[in-house]
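Novice: Data: data.cif, mmCIF, C-alpha atoms.
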```
data_structure
#
loop_
_atom_site.label_atom_id
_atom_site.label_comp_id
_atom_site.auth_asym_id
_atom_site.auth_seq_id
_atom_site.Cartn_x
_atom_site.Cartn_y
_atom_site.Cartn_z
CA MET F 1 16.34 12.53 16.31
CA LYS F 2 14.19 9.63 15.10
CA LYS F 3 15.03 8.00 11.78
CA PHE F 4 12.17 6.43 9.86
CA LYS F 5 12.60 3.31 7.73
CA ILE F 6 10.18 1.58 5.37
CA PHE F 7 9.83 -2.20 5.40
CA LEU F 8 8.07 -4.05 2.58
CA PHE F 9 6.81 -7.43 3.78
CA LEU F 10 6.14 -9.70 0.82
CA LEU F 11 3.49 -12.21 1.81
CA CYS F 12 3.19 -13.45 -1.78
CA GLU F 13 5.25 -14.06 -4.89
CA ILE F 14 6.07 -10.97 -6.94
CA ASN F 15 8.34 -10.39 -9.91
CA ASN F 16 11.80 -9.04 -8.96
CA LYS F 17 11.55 -6.38 -11.68
CA TYR F 18 8.34 -5.02 -10.13
CA LEU F 19 9.94 -5.03 -6.68
CA ALA F 20 13.03 -3.19 -7.89
CA GLU F 21 10.89 -0.49 -9.54
CA LEU F 22 8.70 -0.18 -6.44
CA LYS F 23 11.66 0.02 -4.05
CA ASN F 24 13.41 2.63 -6.21
CA HIS F 25 10.21 4.71 -6.47
CA LEU F 26 9.60 4.65 -2.71
CA GLN F 27 13.22 5.41 -1.80
CA ASN F 28 13.29 8.41 -4.15
CA LEU F 29 9.88 9.71 -3.12
CA PHE F 30 10.17 9.34 0.66
CA GLY F 31 13.95 9.80 0.87
CA LEU F 32 14.16 6.83 3.25
CA ASP F 33 15.75 3.41 3.29
CA VAL F 34 13.42 0.69 2.04
CA GLU F 35 14.04 -2.90 3.09
CA LEU F 36 12.42 -5.92 1.44
CA THR F 37 11.63 -9.07 3.35
CA SER F 38 9.70 -12.19 2.32
CA HIS F 39 7.50 -14.23 4.61
CA SER F 40 5.35 -17.27 4.15
CA VAL F 41 2.17 -16.57 6.09
CA ASP F 42 -1.05 -18.53 6.18
CA LEU F 43 -3.75 -15.87 5.78
CA SER F 44 -6.66 -18.29 6.29
CA PHE F 45 -7.37 -16.68 9.69
CA ALA F 46 -8.57 -13.58 7.81
CA TYR F 47 -10.68 -15.37 5.20
CA ASN F 48 -14.41 -14.68 5.13
CA GLU F 49 -16.12 -17.64 3.49
CA ARG F 50 -19.35 -15.74 2.79
CA ARG F 51 -17.56 -12.88 1.01
CA ARG F 52 -14.78 -15.03 -0.50
CA GLN F 53 -12.38 -12.28 0.52
CA TYR F 54 -9.81 -11.60 3.23
CA SER F 55 -10.17 -8.99 5.95
CA GLY F 56 -7.44 -6.38 5.58
CA GLU F 57 -8.16 -5.24 9.14
CA GLU F 58 -7.55 -8.71 10.61
CA ILE F 59 -4.26 -9.09 8.72
CA LEU F 60 -3.09 -5.67 9.94
CA ARG F 61 -4.08 -6.44 13.55
CA LYS F 62 -2.00 -9.62 13.48
CA ALA F 63 1.00 -7.79 11.98
CA GLU F 64 0.74 -5.00 14.55
CA LYS F 65 1.34 -7.52 17.34
CA ASN F 66 4.84 -8.18 15.94
CA LYS F 67 5.86 -4.55 15.44
CA ARG F 68 8.28 -3.19 18.05
CA ASN F 69 9.83 -0.06 16.56
CA ALA F 70 7.58 2.99 16.14
CA ASN F 71 9.98 4.47 13.56
CA GLU F 72 9.41 1.60 11.18
CA LYS F 73 6.71 2.00 8.56
CA TRP F 74 5.45 -1.42 7.45
CA LEU F 75 3.77 -2.20 4.14
CA LEU F 76 2.48 -5.75 3.76
CA ILE F 77 1.99 -6.90 0.17
CA VAL F 78 -0.50 -9.71 -0.42
CA ASP F 79 -2.10 -11.29 -3.47
CA VAL F 80 -5.58 -12.00 -2.13
CA ASP F 81 -8.79 -10.03 -2.57
CA LEU F 82 -9.17 -7.72 0.45
CA TYR F 83 -12.14 -6.04 2.05
CA SER F 84 -12.69 -3.75 5.01
CA SER F 85 -15.77 -3.21 7.16
CA GLY F 86 -18.43 -1.36 5.17
CA LEU F 87 -16.64 -1.66 1.81
CA ASN F 88 -17.05 -4.18 -1.00
CA PHE F 89 -13.29 -4.32 -1.55
CA ILE F 90 -10.12 -2.37 -0.87
CA PHE F 91 -6.86 -1.91 -2.73
CA GLY F 92 -5.14 -1.21 0.56
CA LEU F 93 -5.49 -0.11 4.16
CA ALA F 94 -3.32 1.74 6.67
CA ASN F 95 -3.21 2.35 10.40
CA PRO F 96 -1.01 5.41 10.99
CA TYR F 97 -1.08 4.90 14.76
CA SER F 98 0.58 1.49 14.52
CA GLY F 99 2.65 2.32 11.43
CA THR F 100 1.33 -0.67 9.50
CA SER F 101 -0.34 -0.86 6.11
CA ILE F 102 -1.31 -3.43 3.51
CA ILE F 103 -1.95 -3.52 -0.23
CA SER F 104 -3.29 -6.29 -2.43
CA LEU F 105 -2.01 -7.01 -5.92
CA THR F 106 -5.17 -8.89 -6.91
CA ARG F 107 -7.39 -6.05 -8.17
CA LEU F 108 -4.43 -4.12 -9.62
CA ARG F 109 -4.03 -6.73 -12.37
CA GLN F 110 -5.91 -6.43 -15.64
CA GLN F 111 -6.54 -10.21 -15.57
CA PHE F 112 -8.84 -9.77 -12.55
CA TYR F 113 -11.23 -7.94 -14.89
CA GLY F 114 -10.88 -10.47 -17.72
CA LYS F 115 -8.48 -8.26 -19.70
CA PRO F 116 -5.03 -9.10 -21.10
CA GLU F 117 -2.01 -8.53 -18.88
CA ASN F 118 -0.49 -5.04 -18.99
CA GLU F 119 2.82 -5.05 -17.12
CA LYS F 120 3.41 -1.28 -17.35
CA LEU F 121 -0.07 -0.47 -16.01
CA PHE F 122 0.30 -3.01 -13.19
CA ILE F 123 3.63 -1.51 -12.07
CA GLU F 124 2.13 2.00 -12.07
CA ARG F 125 -0.84 0.83 -10.01
CA LEU F 126 1.50 -0.96 -7.60
CA LYS F 127 3.57 2.23 -7.10
CA LYS F 128 0.44 4.34 -6.57
CA GLU F 129 -1.21 2.07 -4.03
CA ALA F 130 2.02 1.48 -2.08
CA THR F 131 2.77 5.21 -2.00
CA HIS F 132 -0.81 6.04 -0.98
CA GLU F 133 -0.87 3.65 1.98
CA LEU F 134 2.62 4.66 3.12
CA GLY F 135 1.50 8.30 2.87
CA HIS F 136 -1.19 7.49 5.43
CA LEU F 137 1.50 6.11 7.75
CA PHE F 138 2.99 9.61 7.74
CA TYR F 139 -0.44 10.96 8.73
CA LEU F 140 -1.38 12.27 5.29
CA GLY F 141 -5.12 12.20 4.71
CA HIS F 142 -7.02 11.91 1.46
CA CYS F 143 -6.39 14.80 -0.92
CA LEU F 144 -8.98 16.60 -3.05
CA ASP F 145 -6.51 16.90 -5.96
CA LYS F 146 -7.50 14.05 -8.33
CA LYS F 147 -3.93 13.83 -9.65
CA CYS F 148 -2.35 13.50 -6.19
CA VAL F 149 -1.39 10.00 -5.08
CA MET F 150 -3.26 10.69 -1.83
CA HIS F 151 -6.59 11.09 -3.63
CA PHE F 152 -9.05 8.39 -2.53
CA SER F 153 -9.50 5.56 -5.06
CA ASN F 154 -13.08 4.38 -5.06
CA SER F 155 -12.41 2.46 -8.27
CA LEU F 156 -9.51 1.40 -10.46
CA TYR F 157 -10.34 4.33 -12.73
CA ASP F 158 -9.51 6.70 -9.84
CA THR F 159 -6.19 4.91 -9.35
CA ASP F 160 -5.36 5.13 -13.04
CA VAL F 161 -6.19 8.86 -13.21
CA LYS F 162 -3.96 9.93 -10.33
CA SER F 163 -0.19 10.11 -10.48
CA ALA F 164 2.28 8.14 -8.37
CA TYR F 165 3.46 11.37 -6.72
CA PHE F 166 2.32 13.81 -4.07
CA CYS F 167 0.83 17.17 -4.98
CA GLU F 168 2.73 20.22 -3.68
CA ARG F 169 0.50 20.51 -0.61
CA CYS F 170 0.93 16.85 0.41
CA LYS F 171 4.66 16.98 -0.39
CA LYS F 172 5.02 19.94 1.97
CA LEU F 173 3.03 18.18 4.71
CA LEU F 174 5.18 15.05 4.33
CA PHE F 175 8.38 17.11 4.47
CA ASN F 176 7.23 18.84 7.66
CA ILE F 177 6.32 15.50 9.28
CA LYS F 178 9.65 13.94 8.31
CA LYS F 179 11.51 17.07 9.49
CA GLY F 180 10.18 16.29 12.94
CA GLU F 181 11.90 12.87 12.73
#
```
Can the structure from this file be put into C-alpha cells for me?

Specialist:
Amino acid sequence: MKKFKIFLFLLCEINNKYLAELKNHLQNLFGLDVELTSHSVDLSFAYNERRRQYSGEEILRKAEKNKRNANEKWLLIVDVDLYSSGLNFIFGLANPYSGTSIISLTRLRQQFYGKPENEKLFIERLKKEATHELGHLFYLGHCLDKKCVMHFSNSLYDTDVKSAYFCERCKKLLFNIKKGE
C-alpha cells in the first residue's frame, strides 16, 4: 500500500507562526505527514521582463525534474508575482500528474493592494490556496460550491468567500482517492 506525504518547499522567507498554522491545518485536513524544507533558489530563469512576473509553469517544470517519489505531494511556496499562460496572474498552480504545485504569497497580502496588513486574513488565504493546490494533486477538480476550498478563485474576493475546507462531495472524493493509497 502506498503512503502519501506532503512536502512544503519554502523558496522564500515566511513567518514561523504562519508555517505552524499552515502545517497543522494541512496535517489535520489531509491526515498525512507534512514536512517543511527551506531552499534558496534563484527564480530569475522564470522571470518575464515584459510582464514583470514569474512563470508558475516554468518553476513547476524545473521542480518536477528533481522529484523521484510519486507518493510525495510537493507544494512550493514563493513570494513573487506568478502568472500562467493565458492568465493575468495566478495565486497557485498544480500538476497532478507530477505531484507538484506552487502558490505565491504576493497577492495574498493586503499590502499588495495598498491596504494595511491583516495577519489573520493572510493566514486564512494561505491555508485556502495551499489546500486548493494540494487538492488538485489528489486529482480533485474545481468545485461548483462557492464555499468549498476547491472552488476556482478568479479573484481575491472568491478566495475570501470560500472556506479552507472541502465540501462533503470533495471530502468523499479525497477519502476514496487516499483509500486507494

Novice: Which residues are near segment 147-153 of chain F? Cut-off 12 Å, only C-alpha atoms, ignore same chain within fewer than 5 positions. Put them as a ChimeraX atom specification.

Specialist: /F:29,89-93,108,124-142,158-171,173-174

Novice: Pick out the residues sitting within 8 Å of Tyr83 of chain F, and hand them over as a VMD selection string; count all atoms listed in the file, and ignore anything fewer than 4 positions along from it in its own chain.

Specialist: chain F and resid 53 to 56 87 to 90

Novice: Report as a VMD selection string the full result of the PyMOL selection byres ((chain F and resi 79) around 6) when it is applied to this structure.

Specialist: chain F and resid 12 78 80 104 to 106

Novice: Using only C-alpha atoms, can you tell me which of F:His39, F:Lys73, F:Lys115, F:Lys172 comes closest to Glu13 of chain F?

Specialist: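 The shortest atom-to-atom distance to Glu13 of chain F comes from F:His39.
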
Novice: In Å to one decimal, how far is atom CA of Leu8 of chain F from atom CA of Phe175 of chain F?

Specialist: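 These atoms are spaced 21.2 Å apart.
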